[in-house]
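**Q** Data: entry.cif, mmCIF, N, CA and C atoms.
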data_run
loop_
_atom_site.label_atom_id
_atom_site.label_comp_id
_atom_site.auth_asym_id
_atom_site.auth_seq_id
_atom_site.Cartn_x
_atom_site.Cartn_y
_atom_site.Cartn_z
N MET A 19 13.47 -16.86 6.10
CA MET A 19 13.28 -15.45 6.33
C MET A 19 11.89 -15.06 5.82
N ASN A 20 11.25 -14.13 6.53
CA ASN A 20 9.93 -13.66 6.16
C ASN A 20 9.88 -12.15 6.33
N LEU A 21 9.23 -11.46 5.42
CA LEU A 21 9.09 -10.01 5.55
C LEU A 21 8.12 -9.70 6.67
N ASN A 22 8.57 -8.91 7.63
CA ASN A 22 7.75 -8.56 8.78
C ASN A 22 6.96 -7.30 8.53
N GLN A 23 7.65 -6.21 8.19
CA GLN A 23 6.94 -4.95 7.99
C GLN A 23 7.72 -4.03 7.08
N ILE A 24 7.02 -3.05 6.58
CA ILE A 24 7.57 -1.94 5.82
C ILE A 24 7.28 -0.69 6.63
N THR A 25 8.26 0.22 6.72
CA THR A 25 8.06 1.50 7.38
C THR A 25 8.32 2.61 6.36
N ILE A 26 7.39 3.54 6.26
CA ILE A 26 7.54 4.64 5.32
C ILE A 26 7.56 5.98 6.06
N PRO A 27 8.14 7.00 5.43
CA PRO A 27 8.17 8.32 6.04
C PRO A 27 6.89 9.10 5.77
N SER A 28 6.57 10.01 6.68
CA SER A 28 5.42 10.89 6.51
C SER A 28 5.71 12.23 7.17
N LEU A 29 5.21 13.28 6.55
CA LEU A 29 5.34 14.61 7.14
C LEU A 29 4.29 14.86 8.22
N ASP A 30 3.14 14.18 8.14
CA ASP A 30 2.04 14.46 9.05
C ASP A 30 1.22 13.20 9.31
N LEU A 31 1.49 12.54 10.42
CA LEU A 31 0.77 11.31 10.74
C LEU A 31 -0.70 11.56 11.06
N TYR A 32 -1.04 12.77 11.48
CA TYR A 32 -2.45 13.06 11.75
C TYR A 32 -3.28 12.99 10.47
N LYS A 33 -2.64 13.16 9.32
CA LYS A 33 -3.32 12.99 8.03
C LYS A 33 -3.12 11.58 7.49
N SER A 34 -1.91 11.03 7.66
CA SER A 34 -1.59 9.72 7.09
C SER A 34 -2.36 8.58 7.75
N VAL A 35 -2.49 8.60 9.06
CA VAL A 35 -3.16 7.50 9.76
C VAL A 35 -4.60 7.32 9.27
N PRO A 36 -5.42 8.37 9.19
CA PRO A 36 -6.79 8.17 8.67
C PRO A 36 -6.80 7.67 7.22
N PHE A 37 -5.84 8.12 6.40
CA PHE A 37 -5.76 7.66 5.02
C PHE A 37 -5.56 6.15 4.97
N TYR A 38 -4.61 5.63 5.73
CA TYR A 38 -4.34 4.19 5.69
C TYR A 38 -5.44 3.38 6.36
N LYS A 39 -6.10 3.95 7.35
CA LYS A 39 -7.27 3.27 7.93
C LYS A 39 -8.37 3.18 6.88
N LYS A 40 -8.55 4.23 6.10
CA LYS A 40 -9.55 4.22 5.04
C LYS A 40 -9.23 3.16 3.98
N LEU A 41 -7.93 2.93 3.73
CA LEU A 41 -7.53 1.88 2.78
C LEU A 41 -7.88 0.49 3.30
N GLY A 42 -8.05 0.36 4.62
CA GLY A 42 -8.43 -0.93 5.18
C GLY A 42 -7.42 -1.53 6.14
N LEU A 43 -6.33 -0.81 6.43
CA LEU A 43 -5.36 -1.32 7.39
C LEU A 43 -5.88 -1.09 8.81
N LEU A 44 -5.46 -1.97 9.73
CA LEU A 44 -5.95 -1.93 11.11
C LEU A 44 -4.88 -1.34 12.03
N LEU A 45 -5.16 -0.20 12.62
CA LEU A 45 -4.21 0.49 13.49
C LEU A 45 -3.98 -0.33 14.76
N ILE A 46 -2.70 -0.67 15.04
CA ILE A 46 -2.38 -1.45 16.24
C ILE A 46 -1.45 -0.70 17.20
N VAL A 47 -0.71 0.30 16.71
CA VAL A 47 0.12 1.15 17.57
C VAL A 47 -0.12 2.59 17.14
N ASP A 48 -0.58 3.40 18.10
CA ASP A 48 -0.83 4.80 17.80
C ASP A 48 0.06 5.65 18.70
N ALA A 49 1.21 6.03 18.17
CA ALA A 49 2.14 6.88 18.89
C ALA A 49 2.29 8.20 18.14
N THR A 50 1.15 8.69 17.60
CA THR A 50 1.17 9.97 16.89
C THR A 50 1.61 11.06 17.87
N PRO A 51 2.36 12.00 17.40
CA PRO A 51 2.60 12.38 16.02
C PRO A 51 3.83 11.73 15.38
N ASP A 52 4.49 10.80 16.08
CA ASP A 52 5.77 10.29 15.60
C ASP A 52 5.73 8.95 14.89
N TYR A 53 4.78 8.08 15.25
CA TYR A 53 4.82 6.72 14.73
C TYR A 53 3.42 6.09 14.80
N ALA A 54 3.15 5.25 13.82
CA ALA A 54 1.92 4.44 13.83
C ALA A 54 2.22 3.13 13.13
N ARG A 55 1.59 2.06 13.60
CA ARG A 55 1.78 0.74 12.99
C ARG A 55 0.43 0.10 12.76
N PHE A 56 0.32 -0.58 11.63
CA PHE A 56 -0.92 -1.21 11.21
C PHE A 56 -0.72 -2.70 10.95
N GLU A 57 -1.80 -3.46 11.11
CA GLU A 57 -1.85 -4.83 10.62
C GLU A 57 -2.56 -4.82 9.28
N CYS A 58 -2.09 -5.67 8.40
CA CYS A 58 -2.84 -5.88 7.17
C CYS A 58 -4.03 -6.77 7.52
N PRO A 59 -5.19 -6.57 6.87
CA PRO A 59 -6.36 -7.36 7.21
C PRO A 59 -6.23 -8.84 6.87
N GLU A 60 -5.27 -9.18 6.02
CA GLU A 60 -5.01 -10.58 5.69
C GLU A 60 -3.52 -10.84 5.88
N GLY A 61 -3.16 -12.02 6.34
CA GLY A 61 -1.76 -12.38 6.51
C GLY A 61 -1.17 -11.82 7.79
N ASP A 62 0.16 -11.90 7.90
CA ASP A 62 0.85 -11.50 9.12
C ASP A 62 1.66 -10.22 8.99
N ALA A 63 1.73 -9.64 7.80
CA ALA A 63 2.57 -8.47 7.59
C ALA A 63 2.01 -7.24 8.31
N THR A 64 2.92 -6.36 8.70
CA THR A 64 2.52 -5.09 9.28
C THR A 64 3.13 -3.95 8.46
N PHE A 65 2.63 -2.76 8.69
CA PHE A 65 2.98 -1.58 7.91
C PHE A 65 3.05 -0.42 8.89
N SER A 66 4.12 0.35 8.85
CA SER A 66 4.22 1.47 9.79
C SER A 66 4.63 2.76 9.09
N ILE A 67 4.37 3.85 9.78
CA ILE A 67 4.66 5.19 9.30
C ILE A 67 5.44 5.90 10.40
N HIS A 68 6.52 6.58 10.03
CA HIS A 68 7.22 7.38 11.02
C HIS A 68 7.36 8.81 10.53
N LYS A 69 7.33 9.71 11.47
CA LYS A 69 7.40 11.15 11.20
C LYS A 69 8.80 11.54 10.77
N VAL A 70 8.86 12.33 9.71
CA VAL A 70 10.13 12.91 9.25
C VAL A 70 9.91 14.40 9.03
N ASP A 71 10.98 15.15 9.05
CA ASP A 71 10.90 16.58 8.78
C ASP A 71 10.96 16.89 7.30
N GLU A 72 11.54 15.95 6.54
CA GLU A 72 11.68 16.13 5.10
C GLU A 72 11.56 14.77 4.43
N LEU A 73 10.82 14.72 3.34
CA LEU A 73 10.68 13.47 2.61
C LEU A 73 11.91 13.19 1.77
N PRO A 74 12.24 11.91 1.55
CA PRO A 74 13.38 11.58 0.68
C PRO A 74 13.17 12.14 -0.73
N LYS A 75 14.24 12.42 -1.40
CA LYS A 75 14.19 12.92 -2.77
C LYS A 75 14.15 11.75 -3.75
N GLY A 76 13.72 12.01 -4.96
CA GLY A 76 13.71 10.98 -5.99
C GLY A 76 12.36 10.34 -6.16
N ASP A 77 12.37 9.15 -6.73
CA ASP A 77 11.12 8.45 -7.06
C ASP A 77 10.36 7.96 -5.84
N GLY A 78 11.02 7.78 -4.72
CA GLY A 78 10.34 7.34 -3.52
C GLY A 78 10.07 5.85 -3.53
N LEU A 79 9.09 5.46 -2.75
CA LEU A 79 8.77 4.06 -2.53
C LEU A 79 7.62 3.60 -3.41
N SER A 80 7.62 2.31 -3.71
CA SER A 80 6.46 1.66 -4.31
C SER A 80 6.05 0.55 -3.37
N ILE A 81 4.83 0.60 -2.89
CA ILE A 81 4.34 -0.37 -1.92
C ILE A 81 3.16 -1.11 -2.53
N TYR A 82 3.24 -2.42 -2.53
CA TYR A 82 2.20 -3.27 -3.10
C TYR A 82 1.38 -3.89 -1.99
N PHE A 83 0.06 -3.73 -2.08
CA PHE A 83 -0.88 -4.38 -1.17
C PHE A 83 -1.74 -5.32 -2.01
N GLU A 84 -1.70 -6.61 -1.70
CA GLU A 84 -2.50 -7.57 -2.47
C GLU A 84 -3.93 -7.61 -1.94
N CYS A 85 -4.89 -7.62 -2.85
CA CYS A 85 -6.32 -7.65 -2.52
C CYS A 85 -6.93 -8.86 -3.21
N SER A 86 -7.63 -9.69 -2.46
CA SER A 86 -8.21 -10.89 -3.05
C SER A 86 -9.31 -10.55 -4.06
N ASP A 87 -10.02 -9.45 -3.85
CA ASP A 87 -11.03 -8.99 -4.82
C ASP A 87 -10.72 -7.53 -5.15
N LEU A 88 -9.78 -7.36 -6.04
CA LEU A 88 -9.26 -6.03 -6.36
C LEU A 88 -10.36 -5.07 -6.82
N ASP A 89 -11.20 -5.50 -7.76
CA ASP A 89 -12.23 -4.61 -8.30
C ASP A 89 -13.18 -4.14 -7.22
N ALA A 90 -13.63 -5.04 -6.36
CA ALA A 90 -14.56 -4.66 -5.29
C ALA A 90 -13.89 -3.73 -4.28
N HIS A 91 -12.62 -4.00 -3.97
CA HIS A 91 -11.92 -3.15 -3.00
C HIS A 91 -11.73 -1.74 -3.55
N VAL A 92 -11.34 -1.64 -4.81
CA VAL A 92 -11.16 -0.32 -5.42
C VAL A 92 -12.50 0.42 -5.49
N LYS A 93 -13.56 -0.28 -5.84
CA LYS A 93 -14.89 0.34 -5.89
C LYS A 93 -15.26 0.92 -4.53
N ASP A 94 -15.01 0.14 -3.47
CA ASP A 94 -15.29 0.61 -2.11
C ASP A 94 -14.47 1.84 -1.76
N LEU A 95 -13.19 1.84 -2.14
CA LEU A 95 -12.33 2.99 -1.85
C LEU A 95 -12.74 4.23 -2.64
N LEU A 96 -13.15 4.05 -3.88
CA LEU A 96 -13.64 5.18 -4.68
C LEU A 96 -14.86 5.81 -4.00
N GLU A 97 -15.74 4.97 -3.45
CA GLU A 97 -16.93 5.47 -2.75
C GLU A 97 -16.55 6.23 -1.48
N LYS A 98 -15.38 5.92 -0.91
CA LYS A 98 -14.88 6.61 0.29
C LYS A 98 -14.08 7.86 -0.06
N GLY A 99 -13.95 8.16 -1.35
CA GLY A 99 -13.26 9.37 -1.78
C GLY A 99 -11.78 9.20 -2.09
N ILE A 100 -11.28 7.98 -2.09
CA ILE A 100 -9.87 7.76 -2.45
C ILE A 100 -9.71 7.98 -3.95
N VAL A 101 -8.69 8.73 -4.33
CA VAL A 101 -8.43 9.07 -5.73
C VAL A 101 -7.34 8.14 -6.27
N PHE A 102 -7.59 7.56 -7.43
CA PHE A 102 -6.63 6.66 -8.07
C PHE A 102 -6.02 7.32 -9.29
N GLU A 103 -4.74 7.04 -9.53
CA GLU A 103 -4.08 7.46 -10.76
C GLU A 103 -4.41 6.50 -11.89
N GLU A 104 -4.66 5.25 -11.53
CA GLU A 104 -4.92 4.20 -12.51
C GLU A 104 -5.88 3.20 -11.89
N LEU A 105 -7.00 2.98 -12.54
CA LEU A 105 -7.98 2.01 -12.06
C LEU A 105 -7.54 0.59 -12.41
N PRO A 106 -8.15 -0.43 -11.80
CA PRO A 106 -7.71 -1.80 -12.04
C PRO A 106 -7.64 -2.15 -13.53
N ASN A 107 -6.53 -2.76 -13.89
CA ASN A 107 -6.35 -3.23 -15.26
C ASN A 107 -5.34 -4.36 -15.26
N ALA A 108 -5.38 -5.17 -16.30
CA ALA A 108 -4.48 -6.32 -16.44
C ALA A 108 -3.11 -5.86 -16.93
N LYS A 109 -2.07 -6.36 -16.28
CA LYS A 109 -0.70 -6.03 -16.65
C LYS A 109 -0.07 -7.19 -17.41
N ARG A 110 0.96 -6.89 -18.19
CA ARG A 110 1.61 -7.93 -18.99
C ARG A 110 2.29 -8.98 -18.11
N TRP A 111 2.56 -8.67 -16.84
CA TRP A 111 3.17 -9.62 -15.92
C TRP A 111 2.11 -10.47 -15.21
N LEU A 112 0.87 -10.41 -15.73
CA LEU A 112 -0.24 -11.28 -15.33
C LEU A 112 -0.82 -10.96 -13.96
N TRP A 113 -0.72 -9.70 -13.56
CA TRP A 113 -1.37 -9.21 -12.35
C TRP A 113 -2.40 -8.19 -12.74
N GLY A 114 -3.43 -8.02 -11.91
CA GLY A 114 -4.33 -6.88 -12.02
C GLY A 114 -3.83 -5.83 -11.03
N GLU A 115 -3.76 -4.58 -11.47
CA GLU A 115 -3.25 -3.52 -10.60
C GLU A 115 -4.08 -2.26 -10.69
N ALA A 116 -4.13 -1.54 -9.57
CA ALA A 116 -4.67 -0.18 -9.51
C ALA A 116 -3.61 0.64 -8.78
N ARG A 117 -3.42 1.89 -9.21
CA ARG A 117 -2.34 2.70 -8.66
C ARG A 117 -2.87 4.02 -8.09
N LEU A 118 -2.25 4.44 -6.99
CA LEU A 118 -2.59 5.69 -6.34
C LEU A 118 -1.38 6.18 -5.56
N ARG A 119 -1.50 7.36 -4.97
CA ARG A 119 -0.43 7.90 -4.13
C ARG A 119 -1.03 8.27 -2.78
N ASP A 120 -0.21 8.11 -1.74
CA ASP A 120 -0.66 8.53 -0.42
C ASP A 120 -0.43 10.03 -0.28
N LEU A 121 -0.69 10.57 0.88
CA LEU A 121 -0.61 12.01 1.10
C LEU A 121 0.82 12.55 1.09
N ASP A 122 1.81 11.64 1.21
CA ASP A 122 3.22 12.03 1.14
C ASP A 122 3.83 11.66 -0.20
N ASN A 123 2.98 11.34 -1.17
CA ASN A 123 3.37 11.03 -2.54
C ASN A 123 4.06 9.68 -2.70
N ASN A 124 3.93 8.79 -1.71
CA ASN A 124 4.43 7.43 -1.87
C ASN A 124 3.52 6.71 -2.85
N HIS A 125 4.11 5.92 -3.72
CA HIS A 125 3.39 5.21 -4.76
C HIS A 125 2.82 3.91 -4.19
N LEU A 126 1.50 3.76 -4.24
CA LEU A 126 0.84 2.56 -3.75
C LEU A 126 0.23 1.80 -4.91
N ILE A 127 0.38 0.50 -4.89
CA ILE A 127 -0.22 -0.36 -5.90
C ILE A 127 -1.08 -1.39 -5.19
N LEU A 128 -2.36 -1.37 -5.47
CA LEU A 128 -3.26 -2.42 -5.01
C LEU A 128 -3.32 -3.42 -6.15
N PHE A 129 -3.13 -4.70 -5.83
CA PHE A 129 -3.03 -5.67 -6.91
C PHE A 129 -3.60 -7.01 -6.51
N TYR A 130 -3.84 -7.83 -7.52
CA TYR A 130 -4.12 -9.25 -7.32
C TYR A 130 -3.24 -10.01 -8.29
N GLY A 131 -2.37 -10.85 -7.74
CA GLY A 131 -1.45 -11.63 -8.56
C GLY A 131 -1.78 -13.10 -8.61
N GLY A 132 -2.56 -13.56 -7.63
CA GLY A 132 -2.92 -14.98 -7.60
C GLY A 132 -1.68 -15.86 -7.67
N GLU A 133 -1.79 -16.94 -8.38
CA GLU A 133 -0.68 -17.88 -8.53
C GLU A 133 0.53 -17.22 -9.20
N ASN A 134 0.27 -16.25 -10.08
CA ASN A 134 1.36 -15.59 -10.81
C ASN A 134 2.19 -14.65 -9.94
N ARG A 135 1.72 -14.36 -8.72
CA ARG A 135 2.49 -13.47 -7.84
C ARG A 135 3.88 -14.05 -7.58
N LYS A 136 3.94 -15.33 -7.27
CA LYS A 136 5.24 -15.96 -7.00
C LYS A 136 5.62 -17.01 -8.03
N ASN A 137 4.69 -17.38 -8.87
CA ASN A 137 4.96 -18.45 -9.84
C ASN A 137 4.51 -18.08 -11.24
N PRO A 138 5.08 -17.00 -11.81
CA PRO A 138 4.71 -16.67 -13.19
C PRO A 138 5.29 -17.72 -14.14
N PRO A 139 4.76 -17.82 -15.35
CA PRO A 139 5.26 -18.81 -16.30
C PRO A 139 6.76 -18.68 -16.57
N TRP A 140 7.35 -17.51 -16.37
CA TRP A 140 8.77 -17.30 -16.66
C TRP A 140 9.65 -17.43 -15.42
N ARG A 141 9.08 -17.95 -14.33
CA ARG A 141 9.86 -18.10 -13.10
C ARG A 141 11.11 -18.96 -13.35
N VAL A 142 12.20 -18.57 -12.71
CA VAL A 142 13.47 -19.29 -12.85
C VAL A 142 13.41 -20.58 -12.05
#
As structure tokens, how would this structure be written, given the file I've shared?
**A**
Amino acid sequence: MNLNQITIPSLDLYKSVPFYKKLGLLLIVDATPDYARFECPEGDATFSIHKVDELPKGDGLSIYFECSDLDAHVKDLLEKGIVFEELPNAKRWLWGEARLRDLDNNHLILFYGGENRKNPPWRV
């Protein structure tokens, strides 16, 4: 089994699509105002957004995008006006992470896990 895609809700795809394009995702299906699908610039995974009238309640989603050069990618996004809640830093689980929210308040984590992504020292 392989993860194909993640789909998240959005109140306004006309705002969300440019945001995710600015993050570096490649738009492959544009069915605005109801749906959009992106390719990740590396790997085979895709990411999509669908229009909802109301966002889910609670903590919402956490979506992780791995970046091979996290610091450089975050620097580029800062220059494009993307606002981060947390700039890149080392985590106790041996990943580097930067955190931000999209326009619908979904929690996004840009990270680099390297070998520790799937094979941390405490792996079962």
**Q** Provide the atom N of Glu84 in chain A to atom N of Glu104 in chain A distance in Å, to one decimal place.
**A**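 Computing the Euclidean distance for atom N of Glu84 in chain A and atom N of Glu104 in chain A yields 15.7 Å.
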**Q** Find the residues around Leu44 in chain A up to 6.5 Å (only N, CA and C atoms counted), leave out those fewer than 3 positions away in its own chain, and share them as a list in words.
**A**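 Result of the neighbour search: Tyr38, Lys39, Val47, Arg55, Phe56, Glu57, Cys58 and Pro59 of chain A.
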**Q** With N, CA and C atoms retained, write the just-selected residues as a short mmCIF file (atom, residue, chain, number, x, y, z; two decimals), in the coordinates of the input.
**A**
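Written output follows (again_16.cif):
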data_model
loop_
_atom_site.label_atom_id
_atom_site.label_comp_id
_atom_site.auth_asym_id
_atom_site.auth_seq_id
_atom_site.Cartn_x
_atom_site.Cartn_y
_atom_site.Cartn_z
N TYR A 38 -4.61 5.63 5.73
CA TYR A 38 -4.34 4.19 5.69
C TYR A 38 -5.44 3.38 6.36
N LYS A 39 -6.10 3.95 7.35
CA LYS A 39 -7.27 3.27 7.93
C LYS A 39 -8.37 3.18 6.88
N VAL A 47 -0.71 0.30 16.71
CA VAL A 47 0.12 1.15 17.57
C VAL A 47 -0.12 2.59 17.14
N ARG A 55 1.59 2.06 13.60
CA ARG A 55 1.78 0.74 12.99
C ARG A 55 0.43 0.10 12.76
N PHE A 56 0.32 -0.58 11.63
CA PHE A 56 -0.92 -1.21 11.21
C PHE A 56 -0.72 -2.70 10.95
N GLU A 57 -1.80 -3.46 11.11
CA GLU A 57 -1.85 -4.83 10.62
C GLU A 57 -2.56 -4.82 9.28
N CYS A 58 -2.09 -5.67 8.40
CA CYS A 58 -2.84 -5.88 7.17
C CYS A 58 -4.03 -6.77 7.52
N PRO A 59 -5.19 -6.57 6.87
CA PRO A 59 -6.36 -7.36 7.21
C PRO A 59 -6.23 -8.84 6.87
#
**Q** For a test of reading the model, state the distance in Å between atom N of Ala54 in chain A and CA of Ala90 in chain A, rounded to one decimal.
**A** 27.9 Å
**Q** Report, in Å with one decimal, the straight-line distance from CA of Asp89 in chain A to atom N of Ser66 in chain A.
**A**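 Those two atoms sit 24.2 Å apart.
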**Q** Determine the nearest neighbour of Lys40 in chain A from the options A:Tyr53, A:Asp94, A:Asn22, A:Glu60, counting only N, CA and C atoms.
**A**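 Of all the options, A:Asp94 lies closest to Lys40 in chain A.
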**Q** Could you tell me, as a ChimeraX atom specification, exactly which residues end up selected when the PyMOL selection byres ((chain A and resi 25) around 8) is applied to this structure?
**A** /A:22-24,26-28,64-68
**Q** For those residues, write N, CA and C atoms to a file as a short mmCIF file (atom, residue, chain, number, x, y, z; two decimals), in the coordinates of the input.
**A**
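The new file again_35.cif reads:
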data_model
loop_
_atom_site.label_atom_id
_atom_site.label_comp_id
_atom_site.auth_asym_id
_atom_site.auth_seq_id
_atom_site.Cartn_x
_atom_site.Cartn_y
_atom_site.Cartn_z
N ASN A 22 8.57 -8.91 7.63
CA ASN A 22 7.75 -8.56 8.78
C ASN A 22 6.96 -7.30 8.53
N GLN A 23 7.65 -6.21 8.19
CA GLN A 23 6.94 -4.95 7.99
C GLN A 23 7.72 -4.03 7.08
N ILE A 24 7.02 -3.05 6.58
CA ILE A 24 7.57 -1.94 5.82
C ILE A 24 7.28 -0.69 6.63
N ILE A 26 7.39 3.54 6.26
CA ILE A 26 7.54 4.64 5.32
C ILE A 26 7.56 5.98 6.06
N PRO A 27 8.14 7.00 5.43
CA PRO A 27 8.17 8.32 6.04
C PRO A 27 6.89 9.10 5.77
N SER A 28 6.57 10.01 6.68
CA SER A 28 5.42 10.89 6.51
C SER A 28 5.71 12.23 7.17
N THR A 64 2.92 -6.36 8.70
CA THR A 64 2.52 -5.09 9.28
C THR A 64 3.13 -3.95 8.46
N PHE A 65 2.63 -2.76 8.69
CA PHE A 65 2.98 -1.58 7.91
C PHE A 65 3.05 -0.42 8.89
N SER A 66 4.12 0.35 8.85
CA SER A 66 4.22 1.47 9.79
C SER A 66 4.63 2.76 9.09
N ILE A 67 4.37 3.85 9.78
CA ILE A 67 4.66 5.19 9.30
C ILE A 67 5.44 5.90 10.40
N HIS A 68 6.52 6.58 10.03
CA HIS A 68 7.22 7.38 11.02
C HIS A 68 7.36 8.81 10.53
#
**Q** Quick one: residues within 12 Å of Ala108 in chain A, only C-alpha atoms counted, chain neighbours fewer than 2 positions away excluded, as a VMD selection string?
**A** chain A and resid 88 to 89 104 to 106 110 to 116 129 to 131
**Q** For Leu31 in chain A, list every protein, DNA or RNA residue within 7 Å, evaluated using only N, CA and C atoms, and leave out those in the same chain fewer than 2 positions away; present the list as a PyMOL selection string.
**A** chain A and resi 28-29+33-36+50-53+68-69
**Q** Compile the contact shell of Val101 in chain A as number ranges by chain: residues with an atom at most 6.5 Å away, counting all atoms listed in the file, same-chain residues fewer than 2 positions apart removed.
**A** A: 95-96, 99, 103, 117-119
**Q** Restrict the selected residues to N, CA and C atoms and save them as a CSV table (one decimal), keeping the file's coordinate frame.
**A**
chain,number,residue,atom,x,y,z
A,95,LEU,N,-13.2,1.8,-2.1
A,95,LEU,CA,-12.3,3.0,-1.8
A,95,LEU,C,-12.7,4.2,-2.6
A,96,LEU,N,-13.2,4.0,-3.9
A,96,LEU,CA,-13.6,5.2,-4.7
A,96,LEU,C,-14.9,5.8,-4.0
A,99,GLY,N,-14.0,8.2,-1.4
A,99,GLY,CA,-13.3,9.4,-1.8
A,99,GLY,C,-11.8,9.2,-2.1
A,103,GLU,N,-4.7,7.0,-9.5
A,103,GLU,CA,-4.1,7.5,-10.8
A,103,GLU,C,-4.4,6.5,-11.9
A,117,ARG,N,-3.4,1.9,-9.2
A,117,ARG,CA,-2.3,2.7,-8.7
A,117,ARG,C,-2.9,4.0,-8.1
A,118,LEU,N,-2.2,4.4,-7.0
A,118,LEU,CA,-2.6,5.7,-6.3
A,118,LEU,C,-1.4,6.2,-5.6
A,119,ARG,N,-1.5,7.4,-5.0
A,119,ARG,CA,-0.4,7.9,-4.1
A,119,ARG,C,-1.0,8.3,-2.8
**Q** Expanded to explicit residues, what is the PyMOL selection byres ((chain A and resi 125) around 6.5) for this file, as an MDAnalysis selection string?
**A** chainID A and resid 78:81 118:120 123:124 126:127
**Q** Would you please give, as an MDAnalysis selection string, all residues of range 34-117 of chain A that DSSP assigns to strand (DSSP E or B) based on the backbone?
**A** chainID A and resid 44:49 53:57 64:69 80:84 104:108 114:117
**Q** Write down as an mmCIF file with N, CA and C atoms, in the coordinates of the input the residues of chain A whose backbone DSSP state falls under helix (DSSP H, G or I).
**A**
data_model
loop_
_atom_site.group_PDB
_atom_site.id
_atom_site.type_symbol
_atom_site.label_atom_id
_atom_site.label_comp_id
_atom_site.auth_asym_id
_atom_site.auth_seq_id
_atom_site.Cartn_x
_atom_site.Cartn_y
_atom_site.Cartn_z
ATOM 1 N N LEU A 31 1.490 12.540 10.420
ATOM 2 C CA LEU A 31 0.770 11.310 10.740
ATOM 3 C C LEU A 31 -0.700 11.560 11.060
ATOM 4 N N TYR A 32 -1.040 12.770 11.480
ATOM 5 C CA TYR A 32 -2.450 13.060 11.750
ATOM 6 C C TYR A 32 -3.280 12.990 10.470
ATOM 7 N N LYS A 33 -2.640 13.160 9.320
ATOM 8 C CA LYS A 33 -3.320 12.990 8.030
ATOM 9 C C LYS A 33 -3.120 11.580 7.490
ATOM 10 N N SER A 34 -1.910 11.030 7.660
ATOM 11 C CA SER A 34 -1.590 9.720 7.090
ATOM 12 C C SER A 34 -2.360 8.580 7.750
ATOM 13 N N VAL A 35 -2.490 8.600 9.060
ATOM 14 C CA VAL A 35 -3.160 7.500 9.760
ATOM 15 C C VAL A 35 -4.600 7.320 9.270
ATOM 16 N N PRO A 36 -5.420 8.370 9.190
ATOM 17 C CA PRO A 36 -6.790 8.170 8.670
ATOM 18 C C PRO A 36 -6.800 7.670 7.220
ATOM 19 N N PHE A 37 -5.840 8.120 6.400
ATOM 20 C CA PHE A 37 -5.760 7.660 5.020
ATOM 21 C C PHE A 37 -5.560 6.150 4.970
ATOM 22 N N TYR A 38 -4.610 5.630 5.730
ATOM 23 C CA TYR A 38 -4.340 4.190 5.690
ATOM 24 C C TYR A 38 -5.440 3.380 6.360
ATOM 25 N N LYS A 39 -6.100 3.950 7.350
ATOM 26 C CA LYS A 39 -7.270 3.270 7.930
ATOM 27 C C LYS A 39 -8.370 3.180 6.880
ATOM 28 N N LYS A 40 -8.550 4.230 6.100
ATOM 29 C CA LYS A 40 -9.550 4.220 5.040
ATOM 30 C C LYS A 40 -9.230 3.160 3.980
ATOM 31 N N LEU A 41 -7.930 2.930 3.730
ATOM 32 C CA LEU A 41 -7.530 1.880 2.780
ATOM 33 C C LEU A 41 -7.880 0.490 3.300
ATOM 34 N N LEU A 88 -9.780 -7.360 -6.040
ATOM 35 C CA LEU A 88 -9.260 -6.030 -6.360
ATOM 36 C C LEU A 88 -10.360 -5.070 -6.820
ATOM 37 N N ASP A 89 -11.200 -5.500 -7.760
ATOM 38 C CA ASP A 89 -12.230 -4.610 -8.300
ATOM 39 C C ASP A 89 -13.180 -4.140 -7.220
ATOM 40 N N ALA A 90 -13.630 -5.040 -6.360
ATOM 41 C CA ALA A 90 -14.560 -4.660 -5.290
ATOM 42 C C ALA A 90 -13.890 -3.730 -4.280
ATOM 43 N N HIS A 91 -12.620 -4.000 -3.970
ATOM 44 C CA HIS A 91 -11.920 -3.150 -3.000
ATOM 45 C C HIS A 91 -11.730 -1.740 -3.550
ATOM 46 N N VAL A 92 -11.340 -1.640 -4.810
ATOM 47 C CA VAL A 92 -11.160 -0.320 -5.420
ATOM 48 C C VAL A 92 -12.500 0.420 -5.490
ATOM 49 N N LYS A 93 -13.560 -0.280 -5.840
ATOM 50 C CA LYS A 93 -14.890 0.340 -5.890
ATOM 51 C C LYS A 93 -15.260 0.920 -4.530
ATOM 52 N N ASP A 94 -15.010 0.140 -3.470
ATOM 53 C CA ASP A 94 -15.290 0.610 -2.110
ATOM 54 C C ASP A 94 -14.470 1.840 -1.760
ATOM 55 N N LEU A 95 -13.190 1.840 -2.140
ATOM 56 C CA LEU A 95 -12.330 2.990 -1.850
ATOM 57 C C LEU A 95 -12.740 4.230 -2.640
ATOM 58 N N LEU A 96 -13.150 4.050 -3.880
ATOM 59 C CA LEU A 96 -13.640 5.180 -4.680
ATOM 60 C C LEU A 96 -14.860 5.810 -4.000
ATOM 61 N N GLU A 97 -15.740 4.970 -3.450
ATOM 62 C CA GLU A 97 -16.930 5.470 -2.750
ATOM 63 C C GLU A 97 -16.550 6.230 -1.480
ATOM 64 N N GLY A 132 -2.560 -13.560 -7.630
ATOM 65 C CA GLY A 132 -2.920 -14.980 -7.600
ATOM 66 C C GLY A 132 -1.680 -15.860 -7.670
ATOM 67 N N GLU A 133 -1.790 -16.940 -8.380
ATOM 68 C CA GLU A 133 -0.680 -17.880 -8.530
ATOM 69 C C GLU A 133 0.530 -17.220 -9.200
ATOM 70 N N ASN A 134 0.270 -16.250 -10.080
ATOM 71 C CA ASN A 134 1.360 -15.590 -10.810
ATOM 72 C C ASN A 134 2.190 -14.650 -9.940
ATOM 73 N N ARG A 135 1.720 -14.360 -8.720
ATOM 74 C CA ARG A 135 2.490 -13.470 -7.840
ATOM 75 C C ARG A 135 3.880 -14.050 -7.580
#
